[in-house]
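*Asks:* The structure under discussion is supplied below as structure tokens; questions concerning it will follow.
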Amino acid sequence: MNARSIASSMADTALHGKVALVTGASKGLGKAIAAALARAGAEVVLVAREPRHLEDAASQIQSLGGCAWCHAADVADEAQVAELARSFRQRSPRLDILVNNAGINIRKPIADFTLDEWNRVLATNLTGPFLMCRSFVPLIKGGGFGRILNLTSMMSHVALPERTLYATTKAGLLGFTRALALELAPDRITVNGISPGPCATEINRPILENPELTRSFLSRIPLARWGDPGEVAALALFLCSEKAGFITGTDIVIDGGWCAQ
Ligand SMILES: NC(=O)c1ccc[n+]([C@@H]2O[C@H](COP(=O)([O-])OP(=O)(O)OC[C@H]3O[C@@H](n4cnc5c(N)ncnc54)[C@H](OP(=O)(O)O)[C@@H]3O)[C@@H](O)[C@H]2O)c1
């Protein structure tokens, strides 16, 4: 590869002039994705519920020279998403990239779930992407370019015991991704899923804090290690780039080989 082709392949993932919004961007995968998009030149809006971690994440991105601002909102709350969209429109007339990353997990046997827990996980993992897309797709349309990424999961493809609720939402999000991709293809907006396998983030704290569970999890990952948020962010950056313009309605698994077994 000569200098000119290296420069041109870097330019293919450059996002200068693009505006991106990432939900669940205060921690874990969302924070890494927001940082990668900002490093590529996008102006990035970070969204999560708790303001302190959100502001820290935005400051970290700014201190590295990225353009970032944040807005605290619960993606499962219709009024808060409407307020987020209103405040967004005051700063930008259009959006280019939407990453529906906010998600939660509750692991327990089916008989132990309360209806409130069931509704909370459904609302965050499924209603959230619906509310975000309903509000923001009109701002993505018309630009001749658009990217929507939904953080699905290896649990969209395979299952584990005591994950009935989480697996239900992530399988549902995969169906949502495919149908929305077909709806938005005429507008040149691509819609894809990223299905991570186990990454060492807060959502996996119950496993990370239990050495026995950690050992058992690692023994089931062919590459025998946790995924790194930076690895998921690199895939997200590629899918958000011009170069990925022919990829839509699909889901890319990044799981150290778990689903291949
Ligand atoms: N890590 C993995 O192994 C893994 C594997 C497969 C799929 N995933 C998926 O990847 C996504 C990110 O996971 P992660 O590991 O980065 O999780 P994480 O470290 O627990 O971070 C979750 C983020 O989402 C935010 N959030 C949660 N509920 C929200 C809500 N209702 N409204 C707005 N923001 C909300 C959290 O901030 P606040 O609490 O302040 O709102 C936080 O910023 C999730 O959808 C998850 O299901 C992760």
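Following the order of the structure tokens, chains are lettered A, B, ..., residues in each are numbered from 1, and ligands are numbered from 1.
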So that I can see what lies close to Leu151 of chain A, please list as a PDB file with N, CA and C atoms, in the first residue's frame the residues with an atom at most 7 Å from it, counting only C-alpha atoms and leaving out residues fewer than 6 positions away in the same chain.
*Replies:*
```
ATOM      1  N   ASN A 100     -27.977   3.584  18.422  1.00  0.00           N
ATOM      2  CA  ASN A 100     -28.839   3.156  19.535  1.00  0.00           C
ATOM      3  C   ASN A 100     -28.087   2.106  20.334  1.00  0.00           C
ATOM      4  N   ASN A 101     -27.388   2.592  21.358  1.00  0.00           N
ATOM      5  CA  ASN A 101     -26.501   1.712  22.125  1.00  0.00           C
ATOM      6  C   ASN A 101     -27.002   1.465  23.555  1.00  0.00           C
ATOM      7  N   GLY A 193     -27.050  -3.847  12.605  1.00  0.00           N
ATOM      8  CA  GLY A 193     -26.821  -4.221  13.999  1.00  0.00           C
ATOM      9  C   GLY A 193     -25.363  -4.575  14.212  1.00  0.00           C
ATOM     10  N   ILE A 194     -24.904  -4.339  15.426  1.00  0.00           N
ATOM     11  CA  ILE A 194     -23.605  -4.879  15.864  1.00  0.00           C
ATOM     12  C   ILE A 194     -23.914  -5.783  17.051  1.00  0.00           C
ATOM     13  N   SER A 195     -23.514  -7.043  16.946  1.00  0.00           N
ATOM     14  CA  SER A 195     -23.781  -8.021  18.009  1.00  0.00           C
ATOM     15  C   SER A 195     -22.496  -8.375  18.750  1.00  0.00           C
TER      16      SER A 195
END
```
*Asks:* Residues within 8 Å of ligand 1 (only C-alpha atoms and all ligand atoms), as an mmCIF file with N, CA and C atoms, in the first residue's frame?
*Replies:*
```cif
data_model
loop_
_atom_site.group_PDB
_atom_site.id
_atom_site.type_symbol
_atom_site.label_atom_id
_atom_site.label_comp_id
_atom_site.auth_asym_id
_atom_site.auth_seq_id
_atom_site.Cartn_x
_atom_site.Cartn_y
_atom_site.Cartn_z
ATOM 1 N N THR A 23 -26.471 6.939 22.021
ATOM 2 C CA THR A 23 -27.137 6.769 23.318
ATOM 3 C C THR A 23 -26.310 5.816 24.185
ATOM 4 N N GLY A 24 -26.450 5.959 25.506
ATOM 5 C CA GLY A 24 -25.647 5.140 26.416
ATOM 6 C C GLY A 24 -24.171 5.447 26.250
ATOM 7 N N ALA A 25 -23.860 6.734 26.025
ATOM 8 C CA ALA A 25 -22.486 7.109 25.652
ATOM 9 C C ALA A 25 -21.620 7.477 26.850
ATOM 10 N N SER A 26 -22.147 7.317 28.074
ATOM 11 C CA SER A 26 -21.345 7.741 29.227
ATOM 12 C C SER A 26 -20.367 6.669 29.667
ATOM 13 N N LYS A 27 -20.570 5.439 29.223
ATOM 14 C CA LYS A 27 -19.740 4.318 29.706
ATOM 15 C C LYS A 27 -19.542 3.300 28.597
ATOM 16 N N GLY A 28 -18.689 2.330 28.873
ATOM 17 C CA GLY A 28 -18.604 1.105 28.098
ATOM 18 C C GLY A 28 -18.514 1.282 26.597
ATOM 19 N N LEU A 29 -19.304 0.498 25.876
ATOM 20 C CA LEU A 29 -19.219 0.470 24.416
ATOM 21 C C LEU A 29 -19.642 1.807 23.816
ATOM 22 N N GLY A 30 -20.690 2.418 24.371
ATOM 23 C CA GLY A 30 -21.188 3.683 23.822
ATOM 24 C C GLY A 30 -20.153 4.787 23.916
ATOM 25 N N LYS A 31 -19.439 4.824 25.031
ATOM 26 C CA LYS A 31 -18.394 5.842 25.209
ATOM 27 C C LYS A 31 -17.266 5.618 24.195
ATOM 28 N N VAL A 47 -25.607 10.833 24.889
ATOM 29 C CA VAL A 47 -26.855 10.771 25.663
ATOM 30 C C VAL A 47 -26.763 9.611 26.658
ATOM 31 N N ALA A 48 -27.189 9.857 27.895
ATOM 32 C CA ALA A 48 -27.378 8.810 28.912
ATOM 33 C C ALA A 48 -28.213 9.461 30.012
ATOM 34 N N ARG A 49 -28.588 8.684 31.034
ATOM 35 C CA ARG A 49 -29.473 9.278 32.056
ATOM 36 C C ARG A 49 -28.703 10.098 33.086
ATOM 37 N N GLU A 50 -27.627 9.544 33.590
ATOM 38 C CA GLU A 50 -26.962 10.150 34.756
ATOM 39 C C GLU A 50 -25.947 11.199 34.254
ATOM 40 N N PRO A 51 -26.138 12.498 34.636
ATOM 41 C CA PRO A 51 -25.339 13.550 34.016
ATOM 42 C C PRO A 51 -23.840 13.508 34.324
ATOM 43 N N HIS A 53 -21.394 11.117 34.798
ATOM 44 C CA HIS A 53 -20.527 10.308 33.913
ATOM 45 C C HIS A 53 -20.602 10.802 32.472
ATOM 46 N N LEU A 54 -21.792 11.292 32.095
ATOM 47 C CA LEU A 54 -21.995 11.787 30.728
ATOM 48 C C LEU A 54 -21.105 13.006 30.470
ATOM 49 N N ALA A 72 -28.601 14.837 29.006
ATOM 50 C CA ALA A 72 -29.079 13.726 29.832
ATOM 51 C C ALA A 72 -30.521 13.406 29.475
ATOM 52 N N ALA A 73 -30.789 12.159 29.147
ATOM 53 C CA ALA A 73 -32.164 11.740 28.836
ATOM 54 C C ALA A 73 -32.281 10.235 28.990
ATOM 55 N N ASP A 74 -33.493 9.803 29.342
ATOM 56 C CA ASP A 74 -33.820 8.380 29.406
ATOM 57 C C ASP A 74 -34.466 8.005 28.075
ATOM 58 N N VAL A 75 -33.828 7.127 27.311
ATOM 59 C CA VAL A 75 -34.348 6.805 25.971
ATOM 60 C C VAL A 75 -35.689 6.070 26.034
ATOM 61 N N ALA A 76 -36.026 5.564 27.230
ATOM 62 C CA ALA A 76 -37.287 4.833 27.368
ATOM 63 C C ALA A 76 -38.457 5.756 27.685
ATOM 64 N N ASP A 77 -38.185 7.044 27.839
ATOM 65 C CA ASP A 77 -39.210 7.994 28.265
ATOM 66 C C ASP A 77 -39.589 8.890 27.075
ATOM 67 N N ASN A 100 -27.977 3.584 18.422
ATOM 68 C CA ASN A 100 -28.839 3.156 19.535
ATOM 69 C C ASN A 100 -28.087 2.106 20.334
ATOM 70 N N ASN A 101 -27.388 2.592 21.358
ATOM 71 C CA ASN A 101 -26.501 1.712 22.125
ATOM 72 C C ASN A 101 -27.002 1.465 23.555
ATOM 73 N N ALA A 102 -27.804 2.384 24.118
ATOM 74 C CA ALA A 102 -28.223 2.231 25.523
ATOM 75 C C ALA A 102 -28.926 0.889 25.706
ATOM 76 N N GLY A 103 -28.525 0.175 26.736
ATOM 77 C CA GLY A 103 -29.162 -1.115 26.994
ATOM 78 C C GLY A 103 -28.888 -1.571 28.410
ATOM 79 N N ILE A 104 -29.791 -2.413 28.932
ATOM 80 C CA ILE A 104 -29.608 -2.975 30.276
ATOM 81 C C ILE A 104 -29.926 -4.472 30.230
ATOM 82 N N ASN A 105 -29.487 -5.160 31.274
ATOM 83 C CA ASN A 105 -29.711 -6.604 31.344
ATOM 84 C C ASN A 105 -30.099 -6.953 32.780
ATOM 85 N N ALA A 123 -38.506 -1.560 27.755
ATOM 86 C CA ALA A 123 -38.576 -0.118 27.461
ATOM 87 C C ALA A 123 -37.213 0.426 27.071
ATOM 88 N N THR A 124 -36.164 -0.010 27.759
ATOM 89 C CA THR A 124 -34.820 0.517 27.448
ATOM 90 C C THR A 124 -34.296 -0.070 26.137
ATOM 91 N N ASN A 125 -34.382 -1.388 26.002
ATOM 92 C CA ASN A 125 -33.690 -2.063 24.890
ATOM 93 C C ASN A 125 -34.469 -2.031 23.580
ATOM 94 N N GLY A 128 -36.762 2.170 23.476
ATOM 95 C CA GLY A 128 -35.775 3.252 23.321
ATOM 96 C C GLY A 128 -35.382 3.448 21.856
ATOM 97 N N ASN A 150 -27.674 -0.245 15.577
ATOM 98 C CA ASN A 150 -28.331 -0.723 16.787
ATOM 99 C C ASN A 150 -27.433 -1.745 17.461
ATOM 100 N N LEU A 151 -27.174 -1.547 18.766
ATOM 101 C CA LEU A 151 -26.358 -2.520 19.486
ATOM 102 C C LEU A 151 -27.258 -3.684 19.871
ATOM 103 N N THR A 152 -27.195 -4.717 19.054
ATOM 104 C CA THR A 152 -27.914 -5.954 19.333
ATOM 105 C C THR A 152 -27.033 -6.752 20.296
ATOM 106 N N SER A 153 -26.828 -8.027 20.067
ATOM 107 C CA SER A 153 -26.008 -8.813 20.992
ATOM 108 C C SER A 153 -25.828 -10.204 20.400
ATOM 109 N N MET A 154 -24.800 -10.911 20.857
ATOM 110 C CA MET A 154 -24.739 -12.335 20.466
ATOM 111 C C MET A 154 -26.020 -13.029 20.942
ATOM 112 N N MET A 155 -26.678 -12.416 21.941
ATOM 113 C CA MET A 155 -27.929 -12.973 22.458
ATOM 114 C C MET A 155 -29.108 -12.739 21.497
ATOM 115 N N TYR A 166 -33.624 -10.404 28.280
ATOM 116 C CA TYR A 166 -32.585 -9.737 27.478
ATOM 117 C C TYR A 166 -32.565 -10.322 26.063
ATOM 118 N N LYS A 170 -33.171 -8.388 22.455
ATOM 119 C CA LYS A 170 -32.113 -8.282 21.450
ATOM 120 C C LYS A 170 -32.515 -8.979 20.144
ATOM 121 N N SER A 195 -23.514 -7.043 16.946
ATOM 122 C CA SER A 195 -23.781 -8.021 18.009
ATOM 123 C C SER A 195 -22.496 -8.375 18.750
ATOM 124 N N PRO A 196 -22.207 -7.647 19.841
ATOM 125 C CA PRO A 196 -21.003 -8.014 20.583
ATOM 126 C C PRO A 196 -21.214 -9.295 21.383
ATOM 127 N N GLY A 197 -20.114 -10.006 21.574
ATOM 128 C CA GLY A 197 -20.062 -11.042 22.592
ATOM 129 C C GLY A 197 -19.582 -10.394 23.873
ATOM 130 N N PRO A 198 -19.160 -11.174 24.867
ATOM 131 C CA PRO A 198 -18.834 -10.605 26.174
ATOM 132 C C PRO A 198 -17.693 -9.583 26.132
ATOM 133 N N CYS A 199 -17.991 -8.368 26.569
ATOM 134 C CA CYS A 199 -16.982 -7.307 26.709
ATOM 135 C C CYS A 199 -16.934 -6.914 28.183
ATOM 136 N N ALA A 200 -15.752 -6.509 28.629
ATOM 137 C CA ALA A 200 -15.581 -6.219 30.059
ATOM 138 C C ALA A 200 -16.092 -4.820 30.387
ATOM 139 N N THR A 201 -17.410 -4.679 30.448
ATOM 140 C CA THR A 201 -18.027 -3.391 30.786
ATOM 141 C C THR A 201 -18.970 -3.587 31.971
ATOM 142 N N GLU A 202 -19.562 -2.464 32.410
ATOM 143 C CA GLU A 202 -20.375 -2.511 33.624
ATOM 144 C C GLU A 202 -21.570 -3.466 33.534
ATOM 145 N N ILE A 203 -22.123 -3.624 32.322
ATOM 146 C CA ILE A 203 -23.296 -4.494 32.175
ATOM 147 C C ILE A 203 -22.946 -5.931 32.596
ATOM 148 N N ASN A 204 -21.660 -6.275 32.520
ATOM 149 C CA ASN A 204 -21.217 -7.625 32.890
ATOM 150 C C ASN A 204 -20.608 -7.685 34.282
ATOM 151 N N GLY A 227 -13.945 -9.176 25.046
ATOM 152 C CA GLY A 227 -13.824 -8.199 23.968
ATOM 153 C C GLY A 227 -13.487 -6.835 24.543
ATOM 154 N N PRO A 229 -13.877 -2.697 24.297
ATOM 155 C CA PRO A 229 -14.782 -1.698 23.707
ATOM 156 C C PRO A 229 -14.205 -1.041 22.456
#
```
*Asks:* Can you pull out the residues contacting segment 177-180 of chain A? Cut-off 8 Å, using only C-alpha atoms, and skip same-chain residues under 3 positions away; I want them as a ChimeraX atom specification.
*Replies:* /A:150,173-174,183-184,191-193,249-250
*Asks:* Taking 2 positions as the minimum chain separation for residues in the same chain, which residues sit within 8 Å of Ala36 of chain A when counting only C-alpha atoms? Answer as number ranges by chain.
*Replies:* A: 32-34, 38-40, 233-234, 237
*Asks:* If you keep C-alpha atoms, can you produce a file of those selected residues as an mmCIF file, in the first residue's frame?
*Replies:*
```
data_model
loop_
_atom_site.group_PDB
_atom_site.id
_atom_site.type_symbol
_atom_site.label_atom_id
_atom_site.label_comp_id
_atom_site.auth_asym_id
_atom_site.auth_seq_id
_atom_site.Cartn_x
_atom_site.Cartn_y
_atom_site.Cartn_z
ATOM 1 C CA ALA A 32 -15.808 4.051 23.042
ATOM 2 C CA ILE A 33 -18.025 4.429 19.951
ATOM 3 C CA ALA A 34 -18.620 8.141 20.636
ATOM 4 C CA ALA A 38 -15.303 12.098 17.300
ATOM 5 C CA ARG A 39 -11.705 11.101 16.505
ATOM 6 C CA ALA A 40 -12.825 10.564 12.901
ATOM 7 C CA ALA A 233 -15.906 0.979 18.298
ATOM 8 C CA ALA A 234 -13.626 0.246 15.315
ATOM 9 C CA LEU A 237 -16.713 3.497 12.855
#
```
*Asks:* Using only C-alpha atoms, which of the listed residues (A:Ala159, A:Ala181, A:Val19, A:Cys67) sits closest to Pro93 of chain A?
*Replies:*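 Distance minimum relative to Pro93 of chain A lands on A:Val19.
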*Asks:* Out of segment 20-112 of chain A, which residues get strand (DSSP E) from DSSP, as a list in words?
*Replies:*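 Put together, the selection reads Ala20, Leu21, Val22, Thr23, Glu43, Val44, Val45, Leu46, Val47, Ala48, Cys67, Ala68, Trp69, Cys70, His71, Ala72, Ile97, Leu98, Val99 and Asn100 of chain A.
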*Asks:* Emit the selected residues as a PDB file, in the first residue's frame, including C-alpha atoms.
*Replies:*
```pdb
ATOM      1  CA  ALA A  20     -23.628  11.780  15.242  1.00  0.00           C
ATOM      2  CA  LEU A  21     -25.743  10.930  18.283  1.00  0.00           C
ATOM      3  CA  VAL A  22     -24.835   7.988  20.538  1.00  0.00           C
ATOM      4  CA  THR A  23     -27.137   6.769  23.318  1.00  0.00           C
ATOM      5  CA  GLU A  43     -19.524  16.284  15.988  1.00  0.00           C
ATOM      6  CA  VAL A  44     -20.912  13.834  18.563  1.00  0.00           C
ATOM      7  CA  VAL A  45     -23.879  14.202  20.901  1.00  0.00           C
ATOM      8  CA  LEU A  46     -23.655  11.924  23.943  1.00  0.00           C
ATOM      9  CA  VAL A  47     -26.855  10.771  25.663  1.00  0.00           C
ATOM     10  CA  ALA A  48     -27.378   8.810  28.912  1.00  0.00           C
ATOM     11  CA  CYS A  67     -16.222  17.960  19.184  1.00  0.00           C
ATOM     12  CA  ALA A  68     -18.754  16.637  21.706  1.00  0.00           C
ATOM     13  CA  TRP A  69     -21.694  17.836  23.742  1.00  0.00           C
ATOM     14  CA  CYS A  70     -24.116  15.936  25.908  1.00  0.00           C
ATOM     15  CA  HIS A  71     -27.762  15.825  26.933  1.00  0.00           C
ATOM     16  CA  ALA A  72     -29.079  13.726  29.832  1.00  0.00           C
ATOM     17  CA  ILE A  97     -25.468   9.037  12.342  1.00  0.00           C
ATOM     18  CA  LEU A  98     -27.630   7.562  15.105  1.00  0.00           C
ATOM     19  CA  VAL A  99     -26.198   4.843  17.367  1.00  0.00           C
ATOM     20  CA  ASN A 100     -28.839   3.156  19.535  1.00  0.00           C
TER      21      ASN A 100
END
```
*Asks:* Which of these residues is nearest to Leu95 of chain A, using only C-alpha atoms: A:Gln60, A:Asn119, A:Ser135, A:Asn210?
*Replies:*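 Distance minimum relative to Leu95 of chain A lands on A:Ser135.
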*Asks:* Looking at A:Gly257, A:Gly142, A:Gly66, A:Gly245, which one is nearest to Arg225 of chain A, with distances taken over only C-alpha atoms?
*Replies:* A:Gly257
*Asks:* Could you pull the residues within 9 Å of Thr190 of chain A, counting only C-alpha atoms, minus those fewer than 2 positions along the same chain, as a list in words?
*Replies:*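 Here the qualifying residues turn out to be Phe145, Gly146, Arg147, Ile148, Leu149, Leu180, Ala181, Leu182, Leu184, Ala185, Asp187, Arg188, Asn192, Leu239, Cys240, Ala244, Gly245, Phe246, Ile247, Thr248 and Gly249 of chain A.
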*Asks:* Which is closest to Val158 of chain A among A:Ala79, A:Ala14, A:Ala171, A:Val232, if we use only C-alpha atoms?
*Replies:*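 Selected residue with least distance to Val158 of chain A: A:Ala171.
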*Asks:* Can you tell me, as a PyMOL selection string, which residues in segment 48-241 of chain A count as alpha helix (DSSP H) by DSSP?
*Replies:* chain A and resi 51-63+78-91+115-122+128-140+164-184+205-208+211-219+229-240
*Asks:* From the list A:Leu115, A:Ser241, A:Ala57, A:Gln90, which residue is nearest His16 of chain A when using only C-alpha atoms?
*Replies:* A:Ser241
*Asks:* Which of these residues is nearest to Arg134 of chain A, using only C-alpha atoms: A:Glu212, A:Asp251, A:Asp56, A:Glu78?
*Replies:*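 Closest residue, counting only C-alpha atoms: A:Glu78.
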